[in-house]
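S.K.: Got a structure for you, written out below as structure tokens; questions coming shortly.
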Amino acid sequence: MHISGRRIYNVNRYLGEVQLGANFRILAEVNAQNLHRAGQPDSSDGATFLPPMVGPVSRYNAEGKWLVRRDLPKESRYITTRYWKWTTWGGEEHEEPRDVYRDCYPKELLPPPSVQLSVKDKDGNSYFVSPIFQKDAYDNLEAKHAANLFLELFGRCEVVDQDVVGYTPQTVTHVNWKLLPLGEYPWERLRDHIERGLRNTSDEGKTIIQDRAETIRGYAPSRMLVGSGGFSDYIAYVFDEVVVLESIRRDNALYVFGEDWEHLSQLSKAEILHSNLHKERIIHTMGWKDKLADVLR
């Protein structure tokens, strides 16, 4: 059954040929246009990736949603850090960072589905395939989300319930991270990656993010990796005993992990950020550099 359009509200309309309790997948053909829309991931058989954030469905898939709890009292919350500039009576200019706090309603995270797509070669063609779903008698919400994810990315998709196992890659390779070769000017490549991600950011915001990256790089990580697809807003700095995960979004926290990188790189974004695997979570308030220094000494 083919599905096209911008969004569906009732996936069961497209599952009429799927028997209750039967397995099915959602897929789309790998072609030049769809490969571009998927963020140009590795298109080899078994390549598995978190799709890029191109709209509300894919953003929810990668990051989840924050629910504002207006039924609870407001609390003081760190919002951002701003650089304040002023000139003294003598004409001397000054600049220093100031943390901004506001009273806000508490927020509760609705965890991201973190649906990853895999590439499967079959009968001479290549497909982006979803995980396997099982049809139930209710709303099939996971399949609905996956279908809307495909529609947002590719504009069309297909439900298949025949030879479902045949669309399973023999070997899964996670391709959410790209290593920057240390011998090929990695800092210049990293700076280019950051600047591309900050195209719509103010000059002040770019200065703050670049300063964070230079601060962490100053501790000489053994490897630097940039995220791709739904991980594109994160950079991983690998040290001997810890991994530092930093966002190129101005108001996100920095995470320090004791896990080895090979293990972390196989996890979903939700598992990495929301499963309490980190040793430290450092908010970029005043003094964050001192806290990081304590961890990396």
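Here's how to read the names in the structure tokens: chain A, B, ... by the order shown, residue numbers from 1 in each chain, ligand numbers from 1 in the order shown.
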Taking the DSSP secondary structure from the backbone, can you list the residues of region 134-235 of chain A that are strand (DSSP E), as a PyMOL selection string?
M.R.: chain A and resi 134+156-160+173-174+177-180+223-227+234-235
S.K.: Which neighbours of Leu254 (chain A) fall inside 8 Å, counting only C-alpha atoms, when residues of the same chain fewer than 3 positions from it are skipped, and could you give them as a list in words?
M.R.: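 Selected residues are Val244, Leu245, Glu246, Ser247, Arg281, Ile282, Ile283 and His284 of chain A.
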S.K.: Tell me, counting only C-alpha atoms, for each residue of region 166-266 of chain A within 12 Å of region 42-52 of chain A, which pair of atoms is nearest and how far apart they are in Å to one decimal, in rows ordered by chain and increasing number, as a Markdown table.
M.R.:
```
| residue | atom | partner | partner_atom | distance |
| --- | --- | --- | --- | --- |
| A:Tyr167 | CA | A:Gly46 | CA | 10.2 |
| A:Thr168 | CA | A:Gly46 | CA | 8.3 |
| A:Pro169 | CA | A:Gly46 | CA | 4.9 |
| A:Gln170 | CA | A:Gly46 | CA | 6.8 |
| A:Thr171 | CA | A:Gly46 | CA | 5.4 |
| A:Val172 | CA | A:Gly46 | CA | 4.5 |
| A:Thr173 | CA | A:Ala47 | CA | 4.9 |
| A:His174 | CA | A:Thr48 | CA | 4.8 |
| A:Val175 | CA | A:Phe49 | CA | 5.6 |
| A:Asn176 | CA | A:Phe49 | CA | 5.4 |
| A:Trp177 | CA | A:Phe49 | CA | 9.2 |
| A:Lys178 | CA | A:Asp42 | CA | 10.7 |
| A:Gly227 | CA | A:Leu50 | CA | 10.0 |
| A:Ser228 | CA | A:Pro52 | CA | 7.4 |
| A:Gly229 | CA | A:Pro52 | CA | 3.8 |
| A:Gly230 | CA | A:Pro52 | CA | 4.1 |
| A:Phe231 | CA | A:Leu50 | CA | 7.1 |
| A:Ser232 | CA | A:Pro52 | CA | 7.4 |
| A:Asp233 | CA | A:Pro52 | CA | 9.8 |
| A:Ser265 | CA | A:Phe49 | CA | 11.1 |
| A:Gln266 | CA | A:Thr48 | CA | 10.0 |
```
S.K.: Write the residues of the selection above to a file with N, CA and C atoms, as a PDB file, in the first residue's frame.
M.R.:
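Output file out22.pdb is given in full below:
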```pdb
ATOM      1  N   TYR A 167      13.635  -7.800   4.056  1.00  0.00           N
ATOM      2  CA  TYR A 167      14.061  -6.402   4.078  1.00  0.00           C
ATOM      3  C   TYR A 167      14.937  -6.093   5.294  1.00  0.00           C
ATOM      4  N   THR A 168      15.389  -7.133   5.984  1.00  0.00           N
ATOM      5  CA  THR A 168      16.259  -6.953   7.143  1.00  0.00           C
ATOM      6  C   THR A 168      17.720  -7.039   6.714  1.00  0.00           C
ATOM      7  N   PRO A 169      18.529  -5.995   6.945  1.00  0.00           N
ATOM      8  CA  PRO A 169      19.952  -6.065   6.570  1.00  0.00           C
ATOM      9  C   PRO A 169      20.652  -7.195   7.318  1.00  0.00           C
ATOM     10  N   GLN A 170      21.588  -7.845   6.638  1.00  0.00           N
ATOM     11  CA  GLN A 170      22.344  -8.920   7.274  1.00  0.00           C
ATOM     12  C   GLN A 170      23.219  -8.379   8.400  1.00  0.00           C
ATOM     13  N   THR A 171      23.831  -7.230   8.152  1.00  0.00           N
ATOM     14  CA  THR A 171      24.706  -6.591   9.144  1.00  0.00           C
ATOM     15  C   THR A 171      24.320  -5.126   9.262  1.00  0.00           C
ATOM     16  N   VAL A 172      24.116  -4.667  10.485  1.00  0.00           N
ATOM     17  CA  VAL A 172      23.752  -3.269  10.725  1.00  0.00           C
ATOM     18  C   VAL A 172      25.001  -2.479  11.098  1.00  0.00           C
ATOM     19  N   THR A 173      25.223  -1.377  10.416  1.00  0.00           N
ATOM     20  CA  THR A 173      26.345  -0.483  10.708  1.00  0.00           C
ATOM     21  C   THR A 173      25.800   0.904  11.015  1.00  0.00           C
ATOM     22  N   HIS A 174      26.020   1.387  12.233  1.00  0.00           N
ATOM     23  CA  HIS A 174      25.531   2.714  12.605  1.00  0.00           C
ATOM     24  C   HIS A 174      26.451   3.778  12.009  1.00  0.00           C
ATOM     25  N   VAL A 175      25.866   4.735  11.313  1.00  0.00           N
ATOM     26  CA  VAL A 175      26.658   5.750  10.604  1.00  0.00           C
ATOM     27  C   VAL A 175      26.246   7.155  11.048  1.00  0.00           C
ATOM     28  N   ASN A 176      25.994   7.309  12.348  1.00  0.00           N
ATOM     29  CA  ASN A 176      25.558   8.605  12.869  1.00  0.00           C
ATOM     30  C   ASN A 176      26.709   9.553  13.180  1.00  0.00           C
ATOM     31  N   TRP A 177      27.963   9.070  13.080  1.00  0.00           N
ATOM     32  CA  TRP A 177      29.113   9.890  13.457  1.00  0.00           C
ATOM     33  C   TRP A 177      30.190   9.800  12.388  1.00  0.00           C
ATOM     34  N   LYS A 178      30.886  10.918  12.168  1.00  0.00           N
ATOM     35  CA  LYS A 178      31.967  10.961  11.192  1.00  0.00           C
ATOM     36  C   LYS A 178      33.245  11.414  11.885  1.00  0.00           C
ATOM     37  N   GLY A 227      28.500  14.707  14.490  1.00  0.00           N
ATOM     38  CA  GLY A 227      27.290  13.938  14.244  1.00  0.00           C
ATOM     39  C   GLY A 227      26.716  14.232  12.874  1.00  0.00           C
ATOM     40  N   SER A 228      25.998  13.276  12.335  1.00  0.00           N
ATOM     41  CA  SER A 228      25.310  13.469  11.063  1.00  0.00           C
ATOM     42  C   SER A 228      23.846  13.126  11.247  1.00  0.00           C
ATOM     43  N   GLY A 229      23.019  13.535  10.276  1.00  0.00           N
ATOM     44  CA  GLY A 229      21.593  13.269  10.392  1.00  0.00           C
ATOM     45  C   GLY A 229      21.021  13.909  11.648  1.00  0.00           C
ATOM     46  N   GLY A 230      20.285  13.117  12.426  1.00  0.00           N
ATOM     47  CA  GLY A 230      19.672  13.634  13.653  1.00  0.00           C
ATOM     48  C   GLY A 230      20.648  13.938  14.749  1.00  0.00           C
ATOM     49  N   PHE A 231      21.928  13.560  14.562  1.00  0.00           N
ATOM     50  CA  PHE A 231      22.980  13.874  15.531  1.00  0.00           C
ATOM     51  C   PHE A 231      23.786  15.098  15.118  1.00  0.00           C
ATOM     52  N   SER A 232      23.395  15.796  14.057  1.00  0.00           N
ATOM     53  CA  SER A 232      24.250  16.826  13.469  1.00  0.00           C
ATOM     54  C   SER A 232      24.491  18.023  14.381  1.00  0.00           C
ATOM     55  N   ASP A 233      23.722  18.145  15.453  1.00  0.00           N
ATOM     56  CA  ASP A 233      23.928  19.260  16.374  1.00  0.00           C
ATOM     57  C   ASP A 233      24.900  18.912  17.493  1.00  0.00           C
ATOM     58  N   SER A 265      28.768   5.160  20.495  1.00  0.00           N
ATOM     59  CA  SER A 265      28.407   5.465  19.110  1.00  0.00           C
ATOM     60  C   SER A 265      27.332   4.537  18.555  1.00  0.00           C
ATOM     61  N   GLN A 266      27.067   3.428  19.247  1.00  0.00           N
ATOM     62  CA  GLN A 266      26.031   2.503  18.798  1.00  0.00           C
ATOM     63  C   GLN A 266      24.663   2.812  19.408  1.00  0.00           C
TER      64      GLN A 266
END
```
S.K.: Tell me, in Å to one decimal, how far CA of Asp136 (chain A) is from CA of Ala22 (chain A).
M.R.: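 It comes out at 8.4 Å.
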S.K.: Separation of CA of Ile248 (chain A) and CA of Ser118 (chain A), in Å?
M.R.: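 Taking CA of Ile248 (chain A) and CA of Ser118 (chain A), their separation equals 26.1 Å.
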S.K.: If you run DSSP on this backbone, which residues of region 4-210 of chain A come out as helix (DSSP H, G or I), and could you give them as a PDB file with N, CA, C and O atoms, in the first residue's frame?
M.R.:
```
ATOM      1  N   VAL A  11      -3.208   5.774  10.503  1.00  0.00           N
ATOM      2  CA  VAL A  11      -2.407   4.835   9.731  1.00  0.00           C
ATOM      3  C   VAL A  11      -3.171   3.567   9.402  1.00  0.00           C
ATOM      4  O   VAL A  11      -2.852   2.860   8.432  1.00  0.00           O
ATOM      5  N   ASN A  12      -4.210   3.264  10.185  1.00  0.00           N
ATOM      6  CA  ASN A  12      -4.955   2.021   9.955  1.00  0.00           C
ATOM      7  C   ASN A  12      -5.633   2.002   8.578  1.00  0.00           C
ATOM      8  O   ASN A  12      -5.922   0.925   8.047  1.00  0.00           O
ATOM      9  N   ARG A  13      -5.879   3.174   8.007  1.00  0.00           N
ATOM     10  CA  ARG A  13      -6.453   3.239   6.666  1.00  0.00           C
ATOM     11  C   ARG A  13      -5.534   2.584   5.644  1.00  0.00           C
ATOM     12  O   ARG A  13      -5.985   2.133   4.588  1.00  0.00           O
ATOM     13  N   TYR A  14      -4.246   2.538   5.944  1.00  0.00           N
ATOM     14  CA  TYR A  14      -3.268   2.014   4.998  1.00  0.00           C
ATOM     15  C   TYR A  14      -2.789   0.610   5.381  1.00  0.00           C
ATOM     16  O   TYR A  14      -1.881   0.072   4.740  1.00  0.00           O
ATOM     17  N   ALA A  32      18.560   9.425  -5.878  1.00  0.00           N
ATOM     18  CA  ALA A  32      19.360  10.633  -5.659  1.00  0.00           C
ATOM     19  C   ALA A  32      18.598  11.671  -4.843  1.00  0.00           C
ATOM     20  O   ALA A  32      19.142  12.292  -3.923  1.00  0.00           O
ATOM     21  N   GLN A  33      17.318  11.847  -5.151  1.00  0.00           N
ATOM     22  CA  GLN A  33      16.526  12.845  -4.443  1.00  0.00           C
ATOM     23  C   GLN A  33      16.318  12.445  -2.981  1.00  0.00           C
ATOM     24  O   GLN A  33      16.500  13.265  -2.064  1.00  0.00           O
ATOM     25  N   ASN A  34      15.950  11.195  -2.747  1.00  0.00           N
ATOM     26  CA  ASN A  34      15.710  10.748  -1.381  1.00  0.00           C
ATOM     27  C   ASN A  34      16.996  10.691  -0.572  1.00  0.00           C
ATOM     28  O   ASN A  34      16.992  10.934   0.641  1.00  0.00           O
ATOM     29  N   LEU A  35      18.101  10.380  -1.234  1.00  0.00           N
ATOM     30  CA  LEU A  35      19.378  10.357  -0.531  1.00  0.00           C
ATOM     31  C   LEU A  35      19.731  11.760  -0.055  1.00  0.00           C
ATOM     32  O   LEU A  35      20.213  11.946   1.069  1.00  0.00           O
ATOM     33  N   HIS A  36      19.459  12.753  -0.878  1.00  0.00           N
ATOM     34  CA  HIS A  36      19.697  14.146  -0.484  1.00  0.00           C
ATOM     35  C   HIS A  36      18.798  14.528   0.690  1.00  0.00           C
ATOM     36  O   HIS A  36      19.251  15.158   1.649  1.00  0.00           O
ATOM     37  N   ARG A  37      17.529  14.139   0.626  1.00  0.00           N
ATOM     38  CA  ARG A  37      16.594  14.482   1.700  1.00  0.00           C
ATOM     39  C   ARG A  37      16.950  13.786   3.012  1.00  0.00           C
ATOM     40  O   ARG A  37      16.614  14.282   4.091  1.00  0.00           O
ATOM     41  N   PRO A  56       8.901  19.210  11.989  1.00  0.00           N
ATOM     42  CA  PRO A  56       8.441  18.871  13.337  1.00  0.00           C
ATOM     43  C   PRO A  56       8.466  17.376  13.646  1.00  0.00           C
ATOM     44  O   PRO A  56       8.752  16.984  14.786  1.00  0.00           O
ATOM     45  N   VAL A  57       8.177  16.522  12.677  1.00  0.00           N
ATOM     46  CA  VAL A  57       8.147  15.080  12.946  1.00  0.00           C
ATOM     47  C   VAL A  57       9.561  14.553  13.190  1.00  0.00           C
ATOM     48  O   VAL A  57       9.814  13.830  14.162  1.00  0.00           O
ATOM     49  N   SER A  58      10.480  14.907  12.307  1.00  0.00           N
ATOM     50  CA  SER A  58      11.856  14.435  12.462  1.00  0.00           C
ATOM     51  C   SER A  58      12.536  15.063  13.679  1.00  0.00           C
ATOM     52  O   SER A  58      13.394  14.434  14.316  1.00  0.00           O
ATOM     53  N   ARG A  59      12.150  16.296  14.032  1.00  0.00           N
ATOM     54  CA  ARG A  59      12.724  16.911  15.236  1.00  0.00           C
ATOM     55  C   ARG A  59      12.223  16.199  16.482  1.00  0.00           C
ATOM     56  O   ARG A  59      12.995  15.919  17.409  1.00  0.00           O
ATOM     57  N   TYR A  60      10.938  15.886  16.519  1.00  0.00           N
ATOM     58  CA  TYR A  60      10.404  15.109  17.644  1.00  0.00           C
ATOM     59  C   TYR A  60      11.058  13.732  17.691  1.00  0.00           C
ATOM     60  O   TYR A  60      11.391  13.217  18.762  1.00  0.00           O
ATOM     61  N   ASN A  61      11.294  13.144  16.533  1.00  0.00           N
ATOM     62  CA  ASN A  61      11.913  11.820  16.473  1.00  0.00           C
ATOM     63  C   ASN A  61      13.308  11.834  17.084  1.00  0.00           C
ATOM     64  O   ASN A  61      13.723  10.879  17.738  1.00  0.00           O
ATOM     65  N   ALA A  62      14.050  12.923  16.867  1.00  0.00           N
ATOM     66  CA  ALA A  62      15.427  13.011  17.348  1.00  0.00           C
ATOM     67  C   ALA A  62      15.540  13.576  18.751  1.00  0.00           C
ATOM     68  O   ALA A  62      16.428  13.180  19.518  1.00  0.00           O
ATOM     69  N   GLU A  63      14.652  14.511  19.113  1.00  0.00           N
ATOM     70  CA  GLU A  63      14.837  15.239  20.364  1.00  0.00           C
ATOM     71  C   GLU A  63      13.700  15.090  21.363  1.00  0.00           C
ATOM     72  O   GLU A  63      13.854  15.469  22.527  1.00  0.00           O
ATOM     73  N   LEU A 141       0.355   3.501  16.879  1.00  0.00           N
ATOM     74  CA  LEU A 141       0.946   4.838  16.925  1.00  0.00           C
ATOM     75  C   LEU A 141       2.408   4.858  16.494  1.00  0.00           C
ATOM     76  O   LEU A 141       2.859   5.831  15.877  1.00  0.00           O
ATOM     77  N   GLU A 142       3.164   3.808  16.814  1.00  0.00           N
ATOM     78  CA  GLU A 142       4.566   3.794  16.401  1.00  0.00           C
ATOM     79  C   GLU A 142       4.677   3.768  14.880  1.00  0.00           C
ATOM     80  O   GLU A 142       5.519   4.458  14.296  1.00  0.00           O
ATOM     81  N   ALA A 143       3.827   2.976  14.240  1.00  0.00           N
ATOM     82  CA  ALA A 143       3.839   2.918  12.779  1.00  0.00           C
ATOM     83  C   ALA A 143       3.369   4.238  12.178  1.00  0.00           C
ATOM     84  O   ALA A 143       3.879   4.693  11.147  1.00  0.00           O
ATOM     85  N   LYS A 144       2.398   4.868  12.811  1.00  0.00           N
ATOM     86  CA  LYS A 144       1.920   6.176  12.335  1.00  0.00           C
ATOM     87  C   LYS A 144       3.048   7.197  12.375  1.00  0.00           C
ATOM     88  O   LYS A 144       3.248   7.960  11.422  1.00  0.00           O
ATOM     89  N   HIS A 145       3.798   7.205  13.469  1.00  0.00           N
ATOM     90  CA  HIS A 145       4.922   8.134  13.566  1.00  0.00           C
ATOM     91  C   HIS A 145       5.947   7.852  12.473  1.00  0.00           C
ATOM     92  O   HIS A 145       6.447   8.776  11.810  1.00  0.00           O
ATOM     93  N   ALA A 146       6.270   6.578  12.265  1.00  0.00           N
ATOM     94  CA  ALA A 146       7.253   6.224  11.242  1.00  0.00           C
ATOM     95  C   ALA A 146       6.773   6.632   9.855  1.00  0.00           C
ATOM     96  O   ALA A 146       7.549   7.152   9.040  1.00  0.00           O
ATOM     97  N   ALA A 147       5.495   6.420   9.572  1.00  0.00           N
ATOM     98  CA  ALA A 147       4.957   6.808   8.271  1.00  0.00           C
ATOM     99  C   ALA A 147       5.065   8.319   8.068  1.00  0.00           C
ATOM    100  O   ALA A 147       5.460   8.792   6.995  1.00  0.00           O
ATOM    101  N   ASN A 148       4.735   9.089   9.106  1.00  0.00           N
ATOM    102  CA  ASN A 148       4.836  10.548   8.988  1.00  0.00           C
ATOM    103  C   ASN A 148       6.286  11.004   8.878  1.00  0.00           C
ATOM    104  O   ASN A 148       6.585  12.013   8.230  1.00  0.00           O
ATOM    105  N   LEU A 149       7.192  10.247   9.492  1.00  0.00           N
ATOM    106  CA  LEU A 149       8.612  10.549   9.351  1.00  0.00           C
ATOM    107  C   LEU A 149       9.049  10.358   7.902  1.00  0.00           C
ATOM    108  O   LEU A 149       9.737  11.219   7.319  1.00  0.00           O
ATOM    109  N   PHE A 150       8.641   9.261   7.291  1.00  0.00           N
ATOM    110  CA  PHE A 150       8.950   9.019   5.882  1.00  0.00           C
ATOM    111  C   PHE A 150       8.335  10.097   4.997  1.00  0.00           C
ATOM    112  O   PHE A 150       8.979  10.585   4.052  1.00  0.00           O
ATOM    113  N   LEU A 151       7.088  10.473   5.279  1.00  0.00           N
ATOM    114  CA  LEU A 151       6.429  11.481   4.456  1.00  0.00           C
ATOM    115  C   LEU A 151       7.134  12.835   4.555  1.00  0.00           C
ATOM    116  O   LEU A 151       7.276  13.550   3.559  1.00  0.00           O
ATOM    117  N   GLU A 152       7.570  13.193   5.762  1.00  0.00           N
ATOM    118  CA  GLU A 152       8.264  14.470   5.928  1.00  0.00           C
ATOM    119  C   GLU A 152       9.592  14.457   5.189  1.00  0.00           C
ATOM    120  O   GLU A 152      10.013  15.466   4.622  1.00  0.00           O
ATOM    121  N   LEU A 153      10.258  13.312   5.192  1.00  0.00           N
ATOM    122  CA  LEU A 153      11.556  13.212   4.528  1.00  0.00           C
ATOM    123  C   LEU A 153      11.427  13.056   3.018  1.00  0.00           C
ATOM    124  O   LEU A 153      12.129  13.723   2.248  1.00  0.00           O
ATOM    125  N   PHE A 154      10.543  12.157   2.570  1.00  0.00           N
ATOM    126  CA  PHE A 154      10.541  11.747   1.170  1.00  0.00           C
ATOM    127  C   PHE A 154       9.262  12.081   0.401  1.00  0.00           C
ATOM    128  O   PHE A 154       9.237  11.996  -0.819  1.00  0.00           O
ATOM    129  N   VAL A 165      11.055 -10.158   6.580  1.00  0.00           N
ATOM    130  CA  VAL A 165      12.412 -10.515   6.990  1.00  0.00           C
ATOM    131  C   VAL A 165      13.398 -10.263   5.852  1.00  0.00           C
ATOM    132  O   VAL A 165      14.555  -9.916   6.078  1.00  0.00           O
ATOM    133  N   GLY A 166      12.940 -10.386   4.622  1.00  0.00           N
ATOM    134  CA  GLY A 166      13.811 -10.151   3.479  1.00  0.00           C
ATOM    135  C   GLY A 166      14.288  -8.717   3.369  1.00  0.00           C
ATOM    136  O   GLY A 166      15.259  -8.435   2.660  1.00  0.00           O
ATOM    137  N   TYR A 167      13.635  -7.800   4.056  1.00  0.00           N
ATOM    138  CA  TYR A 167      14.061  -6.402   4.078  1.00  0.00           C
ATOM    139  C   TYR A 167      14.937  -6.093   5.294  1.00  0.00           C
ATOM    140  O   TYR A 167      15.189  -4.930   5.605  1.00  0.00           O
ATOM    141  N   PRO A 186      41.979  18.930  11.389  1.00  0.00           N
ATOM    142  CA  PRO A 186      40.645  18.655  11.939  1.00  0.00           C
ATOM    143  C   PRO A 186      39.964  19.899  12.501  1.00  0.00           C
ATOM    144  O   PRO A 186      38.739  20.003  12.454  1.00  0.00           O
ATOM    145  N   TRP A 187      40.733  20.839  13.051  1.00  0.00           N
ATOM    146  CA  TRP A 187      40.094  22.014  13.640  1.00  0.00           C
ATOM    147  C   TRP A 187      39.425  22.861  12.561  1.00  0.00           C
ATOM    148  O   TRP A 187      38.327  23.370  12.751  1.00  0.00           O
ATOM    149  N   GLU A 188      40.088  22.986  11.387  1.00  0.00           N
ATOM    150  CA  GLU A 188      39.472  23.739  10.298  1.00  0.00           C
ATOM    151  C   GLU A 188      38.188  23.052   9.847  1.00  0.00           C
ATOM    152  O   GLU A 188      37.184  23.699   9.564  1.00  0.00           O
ATOM    153  N   ARG A 189      38.208  21.718   9.773  1.00  0.00           N
ATOM    154  CA  ARG A 189      37.000  20.989   9.387  1.00  0.00           C
ATOM    155  C   ARG A 189      35.910  21.148  10.444  1.00  0.00           C
ATOM    156  O   ARG A 189      34.724  21.282  10.115  1.00  0.00           O
ATOM    157  N   LEU A 190      36.322  21.101  11.697  1.00  0.00           N
ATOM    158  CA  LEU A 190      35.348  21.255  12.769  1.00  0.00           C
ATOM    159  C   LEU A 190      34.741  22.654  12.739  1.00  0.00           C
ATOM    160  O   LEU A 190      33.532  22.826  12.897  1.00  0.00           O
ATOM    161  N   ARG A 191      35.579  23.665  12.510  1.00  0.00           N
ATOM    162  CA  ARG A 191      35.071  25.035  12.433  1.00  0.00           C
ATOM    163  C   ARG A 191      34.075  25.172  11.277  1.00  0.00           C
ATOM    164  O   ARG A 191      33.025  25.802  11.431  1.00  0.00           O
ATOM    165  N   ASP A 192      34.377  24.559  10.142  1.00  0.00           N
ATOM    166  CA  ASP A 192      33.453  24.612   9.009  1.00  0.00           C
ATOM    167  C   ASP A 192      32.127  23.937   9.360  1.00  0.00           C
ATOM    168  O   ASP A 192      31.053  24.435   8.996  1.00  0.00           O
ATOM    169  N   HIS A 193      32.204  22.795  10.049  1.00  0.00           N
ATOM    170  CA  HIS A 193      30.983  22.087  10.456  1.00  0.00           C
ATOM    171  C   HIS A 193      30.135  22.961  11.376  1.00  0.00           C
ATOM    172  O   HIS A 193      28.908  23.042  11.222  1.00  0.00           O
ATOM    173  N   ILE A 194      30.785  23.622  12.328  1.00  0.00           N
ATOM    174  CA  ILE A 194      30.061  24.484  13.257  1.00  0.00           C
ATOM    175  C   ILE A 194      29.429  25.657  12.521  1.00  0.00           C
ATOM    176  O   ILE A 194      28.270  25.997  12.748  1.00  0.00           O
ATOM    177  N   GLU A 195      30.187  26.282  11.632  1.00  0.00           N
ATOM    178  CA  GLU A 195      29.661  27.448  10.912  1.00  0.00           C
ATOM    179  C   GLU A 195      28.471  27.076  10.032  1.00  0.00           C
ATOM    180  O   GLU A 195      27.516  27.853   9.917  1.00  0.00           O
ATOM    181  N   ARG A 196      28.506  25.883   9.432  1.00  0.00           N
ATOM    182  CA  ARG A 196      27.354  25.457   8.632  1.00  0.00           C
ATOM    183  C   ARG A 196      26.128  25.279   9.512  1.00  0.00           C
ATOM    184  O   ARG A 196      25.002  25.609   9.108  1.00  0.00           O
ATOM    185  N   GLY A 197      26.335  24.762  10.710  1.00  0.00           N
ATOM    186  CA  GLY A 197      25.217  24.549  11.618  1.00  0.00           C
ATOM    187  C   GLY A 197      24.694  25.827  12.244  1.00  0.00           C
ATOM    188  O   GLY A 197      23.603  25.842  12.816  1.00  0.00           O
ATOM    189  N   ASP A 203      25.689  36.716  15.511  1.00  0.00           N
ATOM    190  CA  ASP A 203      27.146  36.765  15.670  1.00  0.00           C
ATOM    191  C   ASP A 203      27.532  36.466  17.117  1.00  0.00           C
ATOM    192  O   ASP A 203      28.548  35.801  17.363  1.00  0.00           O
ATOM    193  N   GLU A 204      26.728  36.941  18.052  1.00  0.00           N
ATOM    194  CA  GLU A 204      27.011  36.674  19.467  1.00  0.00           C
ATOM    195  C   GLU A 204      26.934  35.179  19.750  1.00  0.00           C
ATOM    196  O   GLU A 204      27.793  34.608  20.429  1.00  0.00           O
ATOM    197  N   GLY A 205      25.903  34.545  19.210  1.00  0.00           N
ATOM    198  CA  GLY A 205      25.753  33.108  19.413  1.00  0.00           C
ATOM    199  C   GLY A 205      26.899  32.327  18.799  1.00  0.00           C
ATOM    200  O   GLY A 205      27.396  31.353  19.393  1.00  0.00           O
ATOM    201  N   LYS A 206      27.334  32.728  17.601  1.00  0.00           N
ATOM    202  CA  LYS A 206      28.456  32.047  16.950  1.00  0.00           C
ATOM    203  C   LYS A 206      29.726  32.179  17.783  1.00  0.00           C
ATOM    204  O   LYS A 206      30.491  31.217  17.920  1.00  0.00           O
ATOM    205  N   THR A 207      29.942  33.353  18.342  1.00  0.00           N
ATOM    206  CA  THR A 207      31.131  33.569  19.173  1.00  0.00           C
ATOM    207  C   THR A 207      31.122  32.646  20.381  1.00  0.00           C
ATOM    208  O   THR A 207      32.146  32.045  20.743  1.00  0.00           O
ATOM    209  N   ILE A 208      29.966  32.492  21.014  1.00  0.00           N
ATOM    210  CA  ILE A 208      29.855  31.641  22.203  1.00  0.00           C
ATOM    211  C   ILE A 208      30.122  30.186  21.852  1.00  0.00           C
ATOM    212  O   ILE A 208      30.875  29.485  22.550  1.00  0.00           O
ATOM    213  N   ILE A 209      29.525  29.689  20.771  1.00  0.00           N
ATOM    214  CA  ILE A 209      29.692  28.292  20.390  1.00  0.00           C
ATOM    215  C   ILE A 209      31.135  28.011  19.980  1.00  0.00           C
ATOM    216  O   ILE A 209      31.715  26.981  20.349  1.00  0.00           O
ATOM    217  N   GLN A 210      31.742  28.901  19.212  1.00  0.00           N
ATOM    218  CA  GLN A 210      33.131  28.702  18.807  1.00  0.00           C
ATOM    219  C   GLN A 210      34.057  28.701  20.018  1.00  0.00           C
ATOM    220  O   GLN A 210      35.019  27.924  20.081  1.00  0.00           O
TER     221      GLN A 210
END
```
S.K.: Using only C-alpha atoms, which protein or nucleic acid residues come within 9 Å of Met1 (chain A)? Drop anything in the same chain fewer than 5 positions from it, and give the result as JSON, numbers by chain.
M.R.: {"A": [14, 15, 16, 17, 157, 158, 159, 160]}
S.K.: Please produce a file of those selected residues containing N, CA, C and O atoms, as a CSV table (one decimal), in the first residue's frame.
M.R.:
```csv
chain,number,residue,atom,x,y,z
A,14,TYR,N,-4.2,2.5,5.9
A,14,TYR,CA,-3.3,2.0,5.0
A,14,TYR,C,-2.8,0.6,5.4
A,14,TYR,O,-1.9,0.1,4.7
A,15,LEU,N,-3.4,0.0,6.4
A,15,LEU,CA,-3.0,-1.3,6.9
A,15,LEU,C,-4.1,-2.3,6.6
A,15,LEU,O,-4.1,-3.4,7.2
A,16,GLY,N,-5.0,-2.0,5.7
A,16,GLY,CA,-6.1,-2.9,5.5
A,16,GLY,C,-5.7,-4.3,5.0
A,16,GLY,O,-6.4,-5.3,5.3
A,17,GLU,N,-4.6,-4.3,4.3
A,17,GLU,CA,-4.2,-5.6,3.7
A,17,GLU,C,-3.3,-6.4,4.7
A,17,GLU,O,-2.9,-7.5,4.4
A,157,CYS,N,5.8,6.9,0.7
A,157,CYS,CA,6.4,5.7,1.3
A,157,CYS,C,5.5,4.5,1.0
A,157,CYS,O,4.4,4.7,0.4
A,158,GLU,N,5.8,3.3,1.4
A,158,GLU,CA,5.1,2.1,1.1
A,158,GLU,C,5.0,1.2,2.3
A,158,GLU,O,6.1,1.1,3.0
A,159,VAL,N,3.9,0.6,2.5
A,159,VAL,CA,3.8,-0.4,3.6
A,159,VAL,C,3.9,-1.8,2.9
A,159,VAL,O,3.3,-2.1,1.9
A,160,VAL,N,4.8,-2.6,3.5
A,160,VAL,CA,5.0,-4.0,3.0
A,160,VAL,C,4.9,-5.0,4.1
A,160,VAL,O,5.4,-4.8,5.2
```
S.K.: Quick one: residues within 6 Å of Val256 (chain A), only C-alpha atoms counted, chain neighbours fewer than 2 positions away excluded, as an MDAnalysis selection string?
M.R.: chainID A and resid 243:244 278:280
S.K.: Which is closer to Lys135 (chain A) than all the others in A:Ala38, A:Leu20, A:Thr215, A:Ala220, using only C-alpha atoms?
M.R.: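 Among the listed residues, A:Leu20 lies closest to Lys135 (chain A).
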